[in-house]
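S.K.: One structure, as C-alpha cells, below. Some questions next.
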Amino acid sequence: MTAINAVTDYTREGEVGVITLNSPPVNALSAGVRDGLAEGMAAAIADAGAKAVVIICEGRTFIAGADITEFGGAQKGASLFDVQEAIEGSTKPVVAAIHGTALGGGLEVALTCHYRVAVPSARCGLPEVNLGLLPGAGGTQRLPRIVGAQRALEMMTSGEHVPAKACLEMGLVDELVEEGKLREGALAFANKIVAENRPLKKVRDLDDKTSADRGHPEIFANFRKANARKFRGFLAPEYNIQCIEAAVNLPFDEGLKVERKLFGELITGSQSAAQRYSFFAERQAAKIPDVPDDTAVLPIAKVGVIGGGTMGGGIAMNFMNAGIPVVMVEVKQEALDRGIATVRKNYERSRTAVPAETEARMARLTGALDLEALADCDLVIEAVFERMDIKKDIFTRLDAICKPGAILATNTSGLNIDEIASVTKRPEAVIGLHFFSPANVMKLLEIVRADHTSKEVINTSMKLAKKIGKIAVLVGVTPGFVGNRILGQRQREANKLIFEGAMPWDVDRVLYDFGFPMGPFAMSDLAGLDIGWVKEKSKGETIRDVLCEMDRRGQKTGAGYYDYDENRNAKPSPVVEKIIKDFAAKQGTNTREISDQEILERCIYPMINEGAKILEEGKAIRASDIDVVWQNGYGWPVYRGGPMWYGDLVGLDKVLAKMKEFQAQMGDVFKPSALLEKLAAEGKRFQDLK
Ligand code: 3HC
C-alpha cells in the first residue's frame, strides 16, 4: 500500500488499482481529498499492473460533497475539474464504490467514473439546492443525461437522497453489491468489466434521455408552475432548472458553461451564504458547551403524555413513529377517546399512510384516565392548559407517582419552569420540551433548561430530539422562551401599525414578501381569532374582541381580519377597515401613510433587538441558535438566515440607528439592548460573538 497523502492510499489488488479516501467525518472534497484523488489517479495510470481503478472511502460514507467550509476561501490544491478530467479521461475504467451517501460533488465525482456500484443502504443525491446552490461540477449536465429532465428536476430542486435500489433502476448505479462487502463487490465488478472488455462509459456522451426531452419545453413550464409556491423567494431552484434546460438543449460543454456561470452567481450571493450558515447553525445547536457529548444518556423506553388535545396527540405521534410506546392520559374517557381517534385520523390522513403501518404505530399507544399509569414511564410530558396552578398540581402528583430517574417535562410555551420544578423534590429531573403545533410535523423543539435541570436530563433530551427527527435548541427560562418572546415584539408592532394607518393586509403583504409563509393577521384568521377569547369577558376593547363578537372568528367562520370566499381565498375587508378606523378615531390616533419599509423595520428590528437581549441574559447559547428557532418554528425564510443573521446583513449600526429613531418617536419599547449598542460601536456582528 502507498500513502498518497494524509487522507489517501493507493494499493493494488490483482489487476485492480484501489484509491482509498479516509477524511472523516464525511470525506468531503477538501484540498487534501482532491489532491489525493488527482495523485491517486496518476499512480493508477502509471501502475502498469492495474487494468481498472476503484475509488472507495473509509468511514461512514462515500464523498458527501464539496467541503462547504472551504467556500469563499482561496482555492488550494487540485481543482475539482482537474480531478474529474483525470477520472473521466482515464484510459483504464474507473469504478466508484459507494456506501453511506454520495452527495453533491461526491456524486459528481462518481458521475465522472465510468461505472458505479453501491451497497443497498447507500443513497445518492445532489442536495446543493438546500445550500442555495446548484451542482457546480458538471452534475447539472450529467444527471439529466442518465435520468432524464423530469427526474433531474425533482432530484435537484428537492435535494432528495435517493436510495440505491432506485438509483439502480434509474441507471445512476450500475450494480448493487452485498451490504458490508463493498470492497469485494467493487473489485469483482472491476475484474468483470476488464474480463468482458467493456467500454469506457462516459456520461457526458449519453444523449438518448436528453434528446427525448428536447423540443418539450412544457416539461419545464409545468414543473415551474406546479412548484411555484414551494420555490417562492428562492433563487437556487430556478437556477437548477435553467441548468437542466441547458443540458437538454445544448451540447455538453456549452451546458457546462451555463452551469459555471449560474453557480458563480449563486455562490457569491446572499441567499447561499444564509443557507450555508443555516447548515452549520443547525449542527452547532446540538452542541452544549457545558454538557459534553459523553454525558450519560438515560434510557427512554416508555413515554407518558398528559393531555389528549391537538398538542398532546401530536407529541405522542413523534415517539410512536420512533418505535417508543406511549401512554396518553386524559381526565375523562370521552376526551381520551377523542384524543386517540385524532391520532389515528392524523395517520390515516397522512400522504404516506400505509394501513399496516398505521396499525403498527397505533399499537404503541395506550390510554389511561389516571396519572398512576405513568409510574413506569421514563419520560412524562405534560401538555395541558397553560395555567400555572394546573401545572403545579400535576407536577406535585407526578413527583409522587413517577419512578426515580424519570424525566418530568412540560410543554409549556412560556411559563416559568423553575416555578413548576419547585413543587417537586427532584427539580433536576424537570425540563421544558416545547413542541410546535402541529407537533408531529414541525421540526423545532425548544428544550428549556431550568435552574436545576441536570446535564444527563439535558443530554438525554437533546439526543431523544434527534431520534424523533426534531431540531433541538437549548434555551433558558424566560417568558415565552426564545421563540415566543421574539414573536411578541413583532406581534406588538403589527397590532400598533394597524391603528396608525397600515391595514392588516398591508402588514401581511410586507411580511409575506419578505418571505414568511403568511403575515400575522392571516395567521390569526387561520388559527381562529377566538383561541383564548371568552365571550362573557369580552368588552369590545380590542379589534379581536369586536371581530369575535361579530362572529368574525377567522377562516372557519368565513370572515376574520379578511373576508373569505367559499374556497377560503382572502380579500381585504371593508368592514374591518371601518372598524379599525373607528377604533383609531376613538383613541385619538393620527393615522398616516405608512411605507412598506417602515412596516418591515418596525416588525423586524425589534425582533433583532430582543434576540440581542436574550443573548445578553444568556437565555440562548449563541446567536445562530436563535436563528435556528426562527427558521424551524416560525417560518423565517431560510434564504434570509434568521433574525440575527439578517441583522448582521443589514448592518447592526443601521439597525441601532433605526431603533433609536423609533425610540425617540414612540418610546422605550424600542430601547436598544446594550449588546446591540456594543457590537454596533465596535463594528462587529452577532456572528463575531464567540
Ligand atoms: N463539508 C464540510 N463539512 C461537512 C459536510 C460538507 N459537505 N457535510 C457534513 N459536514 C460536517 C458537518 O458539519 C458535521 O460536522 P460537526 O461534526 O463538526 O458538526 C459532520 O460533517 C457530520 O455531519 P452531520 O452531523 O450532518 O452527520 P449526519 O451523519 O447526520 O449526515 C450527511 C451526514 C448526510 C453527509 C450530512 O452531513 C449532509 O447532508 N452534508 C451535506 C451534503 C451536501 O450538501 N453536499 C453538497 C455540498 S455542496 C457541493 O458539493 C458543491 C459541488 O456541487 C461543487
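Labels used: A, B, ... for chains in the order of the C-alpha cells, numbers from 1 for residues in each chain, and numbers from 1 for ligands as shown.
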Please give me, as a ChimeraX atom specification, the residues lying within 6 Å of ligand 1 when counting only C-alpha atoms and all ligand atoms.

M.R.: /A:25-26,28,64-69,103-105,127-128,135-137,280,283

S.K.: Since we have the selection now, will you write its residues out, keeping N, CA and C atoms, as a PDB file, in the first residue's frame?

M.R.:
ATOM      1  N   PRO A  25     -15.173  13.753   8.928  1.00  0.00           N
ATOM      2  CA  PRO A  25     -16.232  12.776   9.175  1.00  0.00           C
ATOM      3  C   PRO A  25     -16.922  12.277   7.907  1.00  0.00           C
ATOM      4  N   VAL A  26     -16.899  13.046   6.798  1.00  0.00           N
ATOM      5  CA  VAL A  26     -17.754  12.638   5.673  1.00  0.00           C
ATOM      6  C   VAL A  26     -17.016  12.600   4.338  1.00  0.00           C
ATOM      7  N   ALA A  28     -15.502  14.818   2.763  1.00  0.00           N
ATOM      8  CA  ALA A  28     -15.806  15.977   1.902  1.00  0.00           C
ATOM      9  C   ALA A  28     -14.586  16.294   1.038  1.00  0.00           C
ATOM     10  N   ALA A  64     -19.289  13.062   0.639  1.00  0.00           N
ATOM     11  CA  ALA A  64     -20.614  13.679   0.862  1.00  0.00           C
ATOM     12  C   ALA A  64     -20.709  15.067   0.250  1.00  0.00           C
ATOM     13  N   GLY A  65     -19.749  15.424  -0.613  1.00  0.00           N
ATOM     14  CA  GLY A  65     -19.879  16.721  -1.285  1.00  0.00           C
ATOM     15  C   GLY A  65     -18.610  17.532  -1.210  1.00  0.00           C
ATOM     16  N   ALA A  66     -18.680  18.713  -1.799  1.00  0.00           N
ATOM     17  CA  ALA A  66     -17.579  19.654  -1.660  1.00  0.00           C
ATOM     18  C   ALA A  66     -17.433  19.984  -0.181  1.00  0.00           C
ATOM     19  N   ASP A  67     -16.267  20.449   0.230  1.00  0.00           N
ATOM     20  CA  ASP A  67     -16.081  20.850   1.621  1.00  0.00           C
ATOM     21  C   ASP A  67     -16.656  22.259   1.777  1.00  0.00           C
ATOM     22  N   ILE A  68     -17.805  22.331   2.428  1.00  0.00           N
ATOM     23  CA  ILE A  68     -18.525  23.611   2.497  1.00  0.00           C
ATOM     24  C   ILE A  68     -17.706  24.662   3.257  1.00  0.00           C
ATOM     25  N   THR A  69     -16.861  24.185   4.162  1.00  0.00           N
ATOM     26  CA  THR A  69     -16.084  25.152   4.948  1.00  0.00           C
ATOM     27  C   THR A  69     -15.051  25.879   4.085  1.00  0.00           C
ATOM     28  N   LEU A 103     -23.063  12.466  -2.245  1.00  0.00           N
ATOM     29  CA  LEU A 103     -23.872  13.680  -2.369  1.00  0.00           C
ATOM     30  C   LEU A 103     -23.086  14.794  -3.055  1.00  0.00           C
ATOM     31  N   GLY A 104     -23.816  15.674  -3.730  1.00  0.00           N
ATOM     32  CA  GLY A 104     -23.218  16.861  -4.312  1.00  0.00           C
ATOM     33  C   GLY A 104     -21.978  16.529  -5.114  1.00  0.00           C
ATOM     34  N   GLY A 105     -20.875  17.237  -4.807  1.00  0.00           N
ATOM     35  CA  GLY A 105     -19.620  16.992  -5.504  1.00  0.00           C
ATOM     36  C   GLY A 105     -19.198  15.534  -5.441  1.00  0.00           C
ATOM     37  N   PRO A 127     -27.829  17.587  -3.333  1.00  0.00           N
ATOM     38  CA  PRO A 127     -28.588  18.426  -2.407  1.00  0.00           C
ATOM     39  C   PRO A 127     -28.145  19.890  -2.382  1.00  0.00           C
ATOM     40  N   GLU A 128     -27.367  20.316  -3.382  1.00  0.00           N
ATOM     41  CA  GLU A 128     -26.839  21.683  -3.364  1.00  0.00           C
ATOM     42  C   GLU A 128     -27.924  22.731  -3.196  1.00  0.00           C
ATOM     43  N   PRO A 135     -25.473  22.044  -8.439  1.00  0.00           N
ATOM     44  CA  PRO A 135     -24.276  21.213  -8.566  1.00  0.00           C
ATOM     45  C   PRO A 135     -23.316  21.899  -9.537  1.00  0.00           C
ATOM     46  N   GLY A 136     -22.123  22.205  -9.061  1.00  0.00           N
ATOM     47  CA  GLY A 136     -21.232  23.044  -9.868  1.00  0.00           C
ATOM     48  C   GLY A 136     -20.077  22.279 -10.471  1.00  0.00           C
ATOM     49  N   ALA A 137     -20.151  20.968 -10.440  1.00  0.00           N
ATOM     50  CA  ALA A 137     -19.058  20.186 -11.010  1.00  0.00           C
ATOM     51  C   ALA A 137     -19.605  19.225 -12.058  1.00  0.00           C
ATOM     52  N   PHE A 280     -24.679  24.918   9.069  1.00  0.00           N
ATOM     53  CA  PHE A 280     -23.785  24.773  10.222  1.00  0.00           C
ATOM     54  C   PHE A 280     -24.484  25.181  11.527  1.00  0.00           C
ATOM     55  N   ARG A 283     -26.302  22.295  13.030  1.00  0.00           N
ATOM     56  CA  ARG A 283     -25.423  21.302  13.641  1.00  0.00           C
ATOM     57  C   ARG A 283     -24.788  21.853  14.920  1.00  0.00           C
TER      58      ARG A 283
END

S.K.: Would you mind listing what lies within 8 Å of range 330-345 of chain A as a list in words, with only C-alpha atoms counted and same-chain residues fewer than 4 positions away left out?

M.R.: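 Residues near the query, excluding close chain neighbours: Ile306, Gly307, Gly308, Gly309, Thr310, Gly313, Gly314, Met317, Arg349, Thr358, Met362, Gly367, Ala368, Leu369 and Asp370 of chain A.
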
S.K.: Suppose we keep N, CA, C and O atoms; can you now write the selection as a short mmCIF file (atom, residue, chain, number, x, y, z; two decimals), in the first residue's frame?

M.R.:
data_model
loop_
_atom_site.label_atom_id
_atom_site.label_comp_id
_atom_site.auth_asym_id
_atom_site.auth_seq_id
_atom_site.Cartn_x
_atom_site.Cartn_y
_atom_site.Cartn_z
N ILE A 306 -49.39 13.76 29.01
CA ILE A 306 -50.60 14.16 29.73
C ILE A 306 -51.33 15.19 28.89
O ILE A 306 -50.81 16.28 28.64
N GLY A 307 -52.52 14.84 28.47
CA GLY A 307 -53.31 15.73 27.61
C GLY A 307 -53.48 15.09 26.24
O GLY A 307 -52.50 14.72 25.59
N GLY A 308 -54.73 14.94 25.83
CA GLY A 308 -55.01 14.27 24.54
C GLY A 308 -55.49 15.25 23.49
O GLY A 308 -56.13 14.87 22.52
N GLY A 309 -55.19 16.53 23.70
CA GLY A 309 -55.59 17.54 22.71
C GLY A 309 -54.71 17.47 21.48
O GLY A 309 -53.91 16.55 21.31
N THR A 310 -54.84 18.49 20.64
CA THR A 310 -54.05 18.52 19.40
C THR A 310 -52.57 18.41 19.72
O THR A 310 -51.82 17.67 19.07
N GLY A 313 -51.60 14.85 21.36
CA GLY A 313 -51.66 13.81 20.33
C GLY A 313 -50.48 13.91 19.38
O GLY A 313 -49.84 12.92 19.05
N GLY A 314 -50.18 15.14 18.95
CA GLY A 314 -49.05 15.36 18.04
C GLY A 314 -47.74 14.94 18.68
O GLY A 314 -46.89 14.31 18.04
N MET A 317 -47.37 11.16 18.75
CA MET A 317 -47.05 10.57 17.44
C MET A 317 -45.54 10.52 17.17
O MET A 317 -45.04 9.58 16.57
N ARG A 349 -54.78 10.18 7.45
CA ARG A 349 -54.81 11.29 6.51
C ARG A 349 -53.45 11.56 5.87
O ARG A 349 -53.36 12.22 4.84
N THR A 358 -49.96 2.17 9.97
CA THR A 358 -50.82 2.89 10.92
C THR A 358 -51.13 2.00 12.12
O THR A 358 -51.02 2.42 13.28
N MET A 362 -50.24 2.66 15.92
CA MET A 362 -51.32 2.81 16.90
C MET A 362 -51.17 1.79 18.03
O MET A 362 -51.57 2.05 19.16
N GLY A 367 -54.17 4.28 26.38
CA GLY A 367 -54.79 5.42 27.06
C GLY A 367 -55.00 5.11 28.52
O GLY A 367 -55.08 3.95 28.92
N ALA A 368 -55.07 6.14 29.34
CA ALA A 368 -55.35 5.95 30.76
C ALA A 368 -56.06 7.19 31.29
O ALA A 368 -55.94 8.28 30.72
N LEU A 369 -56.79 6.99 32.41
CA LEU A 369 -57.51 8.13 32.99
C LEU A 369 -56.87 8.57 34.29
O LEU A 369 -57.39 9.45 34.97
N ASP A 370 -55.77 7.93 34.63
CA ASP A 370 -55.18 8.21 35.93
C ASP A 370 -53.67 8.42 35.78
O ASP A 370 -53.01 7.64 35.08
#

S.K.: Near Leu131 in chain A, counting only C-alpha atoms, which residues have an atom at most 12 Å away, once you skip same-chain residues fewer than 3 positions from it, shown as a ChimeraX atom specification?

M.R.: /A:65-66,68,71,104,126-128,134-135,156-159,234-237,263,266-267,269-280,638-639,641

S.K.: Next, dump the selected residues to file, keeping only C-alpha atoms, as a compact mmCIF listing (two decimals), in the first residue's frame.

M.R.:
# COMPACT_ATOMS: atom_id res chain seq x y z
CA GLY A 65 -19.88 16.72 -1.28
CA ALA A 66 -17.58 19.65 -1.66
CA ILE A 68 -18.52 23.61 2.50
CA PHE A 71 -16.29 28.04 0.15
CA GLY A 104 -23.22 16.86 -4.31
CA LEU A 126 -27.49 16.43 -5.48
CA PRO A 127 -28.59 18.43 -2.41
CA GLU A 128 -26.84 21.68 -3.36
CA LEU A 134 -26.60 24.11 -7.85
CA PRO A 135 -24.28 21.21 -8.57
CA MET A 156 -32.07 18.69 -7.96
CA THR A 157 -34.77 21.03 -6.70
CA SER A 158 -35.53 18.89 -3.65
CA GLY A 159 -32.05 17.62 -2.86
CA PHE A 234 -35.58 31.12 -3.53
CA LEU A 235 -33.11 31.67 -6.37
CA ALA A 236 -31.47 28.24 -6.42
CA PRO A 237 -34.39 26.10 -7.64
CA PHE A 263 -23.08 28.53 -9.95
CA LEU A 266 -25.29 31.72 -6.52
CA ILE A 267 -22.14 31.10 -4.53
CA GLY A 269 -24.94 35.76 -3.42
CA SER A 270 -26.57 36.41 -0.06
CA GLN A 271 -29.07 33.53 -0.27
CA SER A 272 -26.47 30.79 -0.44
CA ALA A 273 -24.44 32.49 2.28
CA ALA A 274 -27.53 32.37 4.53
CA GLN A 275 -28.33 28.78 3.64
CA ARG A 276 -24.77 27.57 4.21
CA TYR A 277 -24.77 29.41 7.52
CA SER A 278 -28.00 27.63 8.43
CA PHE A 279 -26.50 24.22 7.64
CA PHE A 280 -23.79 24.77 10.22
CA VAL A 638 -34.34 30.11 5.06
CA TYR A 639 -32.63 32.30 2.47
CA GLY A 641 -30.78 33.10 7.66

S.K.: Identify which of the residues A:Lys586, A:Lys76, A:Lys684, A:His161 lies closest to Arg34 in chain A, counting only C-alpha atoms when measuring atom-to-atom distances.

M.R.: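 Closest to Arg34 in chain A, using only C-alpha atoms: A:Lys76.
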
S.K.: Quick one: residues within 8 Å of range 516-522 of chain A, only C-alpha atoms, excluding same-chain residues fewer than 5 positions away - as a PyMOL selection string?

M.R.: chain A and resi 491+494+504-505+507-511+561-562+635-637

S.K.: Output the selection as a short mmCIF file (atom, residue, chain, number, x, y, z; two decimals), in the first residue's frame - N, CA and C atoms for each residue.

M.R.:
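What ended up in part.cif:
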data_model
loop_
_atom_site.label_atom_id
_atom_site.label_comp_id
_atom_site.auth_asym_id
_atom_site.auth_seq_id
_atom_site.Cartn_x
_atom_site.Cartn_y
_atom_site.Cartn_z
N GLN A 491 -45.54 40.92 17.00
CA GLN A 491 -46.99 40.99 17.18
C GLN A 491 -47.40 42.37 17.70
N ALA A 494 -47.14 44.86 14.88
CA ALA A 494 -48.18 44.63 13.86
C ALA A 494 -49.51 45.20 14.36
N PRO A 504 -54.34 45.56 8.00
CA PRO A 504 -53.78 44.22 8.25
C PRO A 504 -53.18 43.61 6.99
N TRP A 505 -53.83 43.83 5.84
CA TRP A 505 -53.31 43.24 4.60
C TRP A 505 -52.03 43.92 4.15
N VAL A 507 -49.66 44.97 6.32
CA VAL A 507 -48.64 44.35 7.17
C VAL A 507 -48.36 42.92 6.68
N ASP A 508 -49.43 42.20 6.40
CA ASP A 508 -49.26 40.81 5.95
C ASP A 508 -48.50 40.74 4.64
N ARG A 509 -48.82 41.64 3.73
CA ARG A 509 -48.17 41.62 2.41
C ARG A 509 -46.66 41.84 2.56
N VAL A 510 -46.31 42.81 3.39
CA VAL A 510 -44.87 43.12 3.55
C VAL A 510 -44.13 41.91 4.13
N LEU A 511 -44.74 41.27 5.13
CA LEU A 511 -44.05 40.13 5.75
C LEU A 511 -44.05 38.91 4.82
N TYR A 561 -60.06 38.96 10.03
CA TYR A 561 -59.46 40.21 9.55
C TYR A 561 -59.75 40.37 8.06
N TYR A 562 -59.90 39.25 7.39
CA TYR A 562 -60.22 39.25 5.95
C TYR A 562 -61.62 38.71 5.74
N GLY A 635 -41.22 29.95 10.53
CA GLY A 635 -41.29 30.23 9.10
C GLY A 635 -40.41 31.37 8.62
N TRP A 636 -39.37 31.70 9.39
CA TRP A 636 -38.43 32.71 8.88
C TRP A 636 -37.83 32.19 7.57
N PRO A 637 -37.81 32.99 6.50
CA PRO A 637 -37.31 32.45 5.23
C PRO A 637 -35.86 31.99 5.33
#

S.K.: So that I can check the surroundings of Phe436 in chain A, please list as number ranges by chain every protein, DNA and RNA residue that reaches within 8 Å of it, counting only C-alpha atoms and ignoring chain neighbours fewer than 5 positions away.

M.R.: A: 442-445, 633

S.K.: Filtering to C-alpha atoms, could you give me those residues as a PDB file, in the first residue's frame?

M.R.:
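Below is the file out.pdb, written as the result:
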ATOM      1  CA  MET A 442     -42.974  20.940  12.955  1.00  0.00           C
ATOM      2  CA  LYS A 443     -39.229  20.377  13.126  1.00  0.00           C
ATOM      3  CA  LEU A 444     -38.394  22.636  16.046  1.00  0.00           C
ATOM      4  CA  LEU A 445     -38.126  21.588  19.654  1.00  0.00           C
ATOM      5  CA  GLY A 633     -40.524  27.084  14.285  1.00  0.00           C
TER       6      GLY A 633
END

S.K.: Residues near range 379-391 of chain A, anyone? I mean within 9 Å using only C-alpha atoms, not counting same-chain ones fewer than 2 positions away, as a PDB file with C-alpha atoms, in the first residue's frame.

M.R.:
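Saved result, around_30.pdb, follows:
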ATOM      1  CA  ILE A 300     -36.176   6.138  27.296  1.00  0.00           C
ATOM      2  CA  ALA A 301     -38.236   3.026  26.650  1.00  0.00           C
ATOM      3  CA  LYS A 302     -41.681   4.381  27.500  1.00  0.00           C
ATOM      4  CA  VAL A 303     -43.157   7.868  27.340  1.00  0.00           C
ATOM      5  CA  GLY A 304     -46.197   9.357  29.041  1.00  0.00           C
ATOM      6  CA  VAL A 305     -48.119  12.286  27.584  1.00  0.00           C
ATOM      7  CA  ILE A 306     -50.597  14.158  29.733  1.00  0.00           C
ATOM      8  CA  GLY A 307     -53.306  15.731  27.607  1.00  0.00           C
ATOM      9  CA  GLY A 308     -55.012  14.270  24.541  1.00  0.00           C
ATOM     10  CA  GLY A 309     -55.595  17.541  22.710  1.00  0.00           C
ATOM     11  CA  MET A 311     -50.727  19.152  21.106  1.00  0.00           C
ATOM     12  CA  GLY A 312     -50.662  16.004  23.256  1.00  0.00           C
ATOM     13  CA  ILE A 315     -46.342  14.909  20.679  1.00  0.00           C
ATOM     14  CA  LEU A 374     -47.295   6.875  34.300  1.00  0.00           C
ATOM     15  CA  CYS A 377     -42.565   5.828  32.201  1.00  0.00           C
ATOM     16  CA  ASP A 393     -50.783  20.350  40.700  1.00  0.00           C
ATOM     17  CA  ILE A 394     -49.803  17.857  38.008  1.00  0.00           C
ATOM     18  CA  PHE A 395     -46.104  18.071  38.825  1.00  0.00           C
ATOM     19  CA  THR A 396     -46.776  17.582  42.537  1.00  0.00           C
ATOM     20  CA  LEU A 398     -46.053  13.241  39.147  1.00  0.00           C
ATOM     21  CA  CYS A 402     -43.117   8.591  38.734  1.00  0.00           C
ATOM     22  CA  ALA A 406     -37.804   9.599  35.210  1.00  0.00           C
ATOM     23  CA  ILE A 407     -37.675  12.876  33.291  1.00  0.00           C
ATOM     24  CA  LEU A 408     -40.575  15.193  34.048  1.00  0.00           C
ATOM     25  CA  ALA A 409     -41.155  17.553  31.151  1.00  0.00           C
ATOM     26  CA  THR A 410     -43.591  20.334  30.458  1.00  0.00           C
ATOM     27  CA  ASN A 411     -44.681  21.502  27.037  1.00  0.00           C
ATOM     28  CA  THR A 412     -45.479  24.976  28.315  1.00  0.00           C
ATOM     29  CA  SER A 413     -44.902  27.616  25.671  1.00  0.00           C
ATOM     30  CA  GLY A 414     -43.729  30.253  28.083  1.00  0.00           C
ATOM     31  CA  LEU A 415     -44.497  29.663  31.772  1.00  0.00           C
ATOM     32  CA  ASN A 416     -41.753  29.688  34.378  1.00  0.00           C
ATOM     33  CA  GLU A 419     -41.644  27.580  39.448  1.00  0.00           C
ATOM     34  CA  ILE A 420     -43.102  24.340  38.094  1.00  0.00           C
ATOM     35  CA  GLY A 432     -39.187  22.071  29.216  1.00  0.00           C
ATOM     36  CA  LEU A 433     -39.883  20.299  25.928  1.00  0.00           C
TER      37      LEU A 433
END

S.K.: Rounded to one decimal, what separation in Å do you get between CA of Leu176 in chain A and CA of Gly139 in chain A?

M.R.: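 Taking CA of Leu176 in chain A and CA of Gly139 in chain A, their separation equals 21.6 Å.
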
S.K.: Using DSSP on the backbone coordinates, identify the residues of range 402-508 of chain A assigned to helix (DSSP H, G or I); present them as a ChimeraX atom specification.

M.R.: /A:417-421,427-429,455-467,481-500,504-508

S.K.: Atoms to include: C-alpha atoms. Write the selected residues as a PDB file, in the first residue's frame.

M.R.:
ATOM      1  CA  ILE A 417     -40.351  26.166  34.554  1.00  0.00           C
ATOM      2  CA  ASP A 418     -38.357  26.889  37.702  1.00  0.00           C
ATOM      3  CA  GLU A 419     -41.644  27.580  39.448  1.00  0.00           C
ATOM      4  CA  ILE A 420     -43.102  24.340  38.094  1.00  0.00           C
ATOM      5  CA  ALA A 421     -39.974  22.404  39.181  1.00  0.00           C
ATOM      6  CA  PRO A 427     -36.033  19.692  40.191  1.00  0.00           C
ATOM      7  CA  GLU A 428     -33.000  18.154  38.463  1.00  0.00           C
ATOM      8  CA  ALA A 429     -35.415  15.912  36.548  1.00  0.00           C
ATOM      9  CA  LYS A 455     -26.832  17.595  32.486  1.00  0.00           C
ATOM     10  CA  GLU A 456     -27.979  13.993  31.983  1.00  0.00           C
ATOM     11  CA  VAL A 457     -31.557  15.170  31.531  1.00  0.00           C
ATOM     12  CA  ILE A 458     -30.428  17.819  29.045  1.00  0.00           C
ATOM     13  CA  ASN A 459     -28.244  15.417  27.081  1.00  0.00           C
ATOM     14  CA  THR A 460     -30.956  12.756  27.032  1.00  0.00           C
ATOM     15  CA  SER A 461     -33.496  15.291  25.760  1.00  0.00           C
ATOM     16  CA  MET A 462     -31.143  16.558  23.034  1.00  0.00           C
ATOM     17  CA  LYS A 463     -30.362  13.030  21.848  1.00  0.00           C
ATOM     18  CA  LEU A 464     -34.000  11.981  22.018  1.00  0.00           C
ATOM     19  CA  ALA A 465     -34.965  15.010  19.922  1.00  0.00           C
ATOM     20  CA  LYS A 466     -32.622  13.822  17.192  1.00  0.00           C
ATOM     21  CA  LYS A 467     -34.062  10.335  17.404  1.00  0.00           C
ATOM     22  CA  PHE A 481     -38.620  31.362  25.887  1.00  0.00           C
ATOM     23  CA  VAL A 482     -36.700  32.362  22.768  1.00  0.00           C
ATOM     24  CA  GLY A 483     -39.247  31.935  20.002  1.00  0.00           C
ATOM     25  CA  ASN A 484     -42.400  33.389  21.506  1.00  0.00           C
ATOM     26  CA  ARG A 485     -40.531  36.137  23.307  1.00  0.00           C
ATOM     27  CA  ILE A 486     -39.236  37.405  19.975  1.00  0.00           C
ATOM     28  CA  LEU A 487     -42.597  36.822  18.308  1.00  0.00           C
ATOM     29  CA  GLY A 488     -44.145  39.108  20.918  1.00  0.00           C
ATOM     30  CA  GLN A 489     -42.159  42.017  19.513  1.00  0.00           C
ATOM     31  CA  ARG A 490     -43.419  41.517  16.003  1.00  0.00           C
ATOM     32  CA  GLN A 491     -46.987  40.993  17.178  1.00  0.00           C
ATOM     33  CA  ARG A 492     -46.952  44.182  19.231  1.00  0.00           C
ATOM     34  CA  GLU A 493     -45.789  46.280  16.314  1.00  0.00           C
ATOM     35  CA  ALA A 494     -48.182  44.629  13.860  1.00  0.00           C
ATOM     36  CA  ASN A 495     -51.074  45.426  16.197  1.00  0.00           C
ATOM     37  CA  LYS A 496     -49.921  49.033  16.615  1.00  0.00           C
ATOM     38  CA  LEU A 497     -49.334  49.601  12.917  1.00  0.00           C
ATOM     39  CA  ILE A 498     -52.973  48.931  12.019  1.00  0.00           C
ATOM     40  CA  PHE A 499     -54.057  51.845  14.196  1.00  0.00           C
ATOM     41  CA  GLU A 500     -51.510  54.156  12.659  1.00  0.00           C
ATOM     42  CA  PRO A 504     -53.781  44.222   8.254  1.00  0.00           C
ATOM     43  CA  TRP A 505     -53.309  43.236   4.596  1.00  0.00           C
ATOM     44  CA  ASP A 506     -50.533  45.805   4.233  1.00  0.00           C
ATOM     45  CA  VAL A 507     -48.640  44.346   7.175  1.00  0.00           C
ATOM     46  CA  ASP A 508     -49.265  40.809   5.948  1.00  0.00           C
TER      47      ASP A 508
END

S.K.: Can you measure CA of Val147 in chain A to CA of Met170 in chain A for me? One decimal in Å is fine.

M.R.: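 Those two atoms sit 5.9 Å apart.
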
S.K.: Interatomic distance between CA of Ile324 in chain A and CA of Ala356 in chain A?

M.R.: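 For CA of Ile324 in chain A relative to CA of Ala356 in chain A, the distance reads 17.1 Å.
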
S.K.: With a distance cut-off of 9 Å and only C-alpha atoms, select the neighbouring residues of Ala674 in chain A, excluding the residue or stretch itself and same-chain residues fewer than 3 positions from it, and output the selection as number ranges by chain.

M.R.: A: 612-613, 616, 677-679

S.K.: Just checking: using only C-alpha atoms, which residue out of A:Ala296, A:Val473, A:Leu675, A:Val94 ends up closest to Leu652 in chain A?

M.R.: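 Among the listed residues, the smallest separation from Leu652 in chain A belongs to A:Leu675.
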
S.K.: When you count only C-alpha atoms, which of these residues is closest to Pro606 in chain A: A:Phe670, A:Tyr239, A:Tyr646, A:Phe662?

M.R.: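 Smallest distance to Pro606 in chain A is found for A:Phe670.
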
S.K.: Taking into account only C-alpha atoms, which residue in the set A:Thr589, A:Ser23, A:Ser524, A:Thr453 is nearest to Gly560 in chain A?

M.R.: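 Residue with the minimum atom-to-atom distance to Gly560 in chain A: A:Ser524.
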
S.K.: Measuring atom to atom with only C-alpha atoms, identify which of A:Ile471, A:Ala186, A:Ile594, A:Met523 is nearest to Ala97 in chain A.

M.R.: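 Answer, going by the shortest atom-to-atom distance: A:Ala186.
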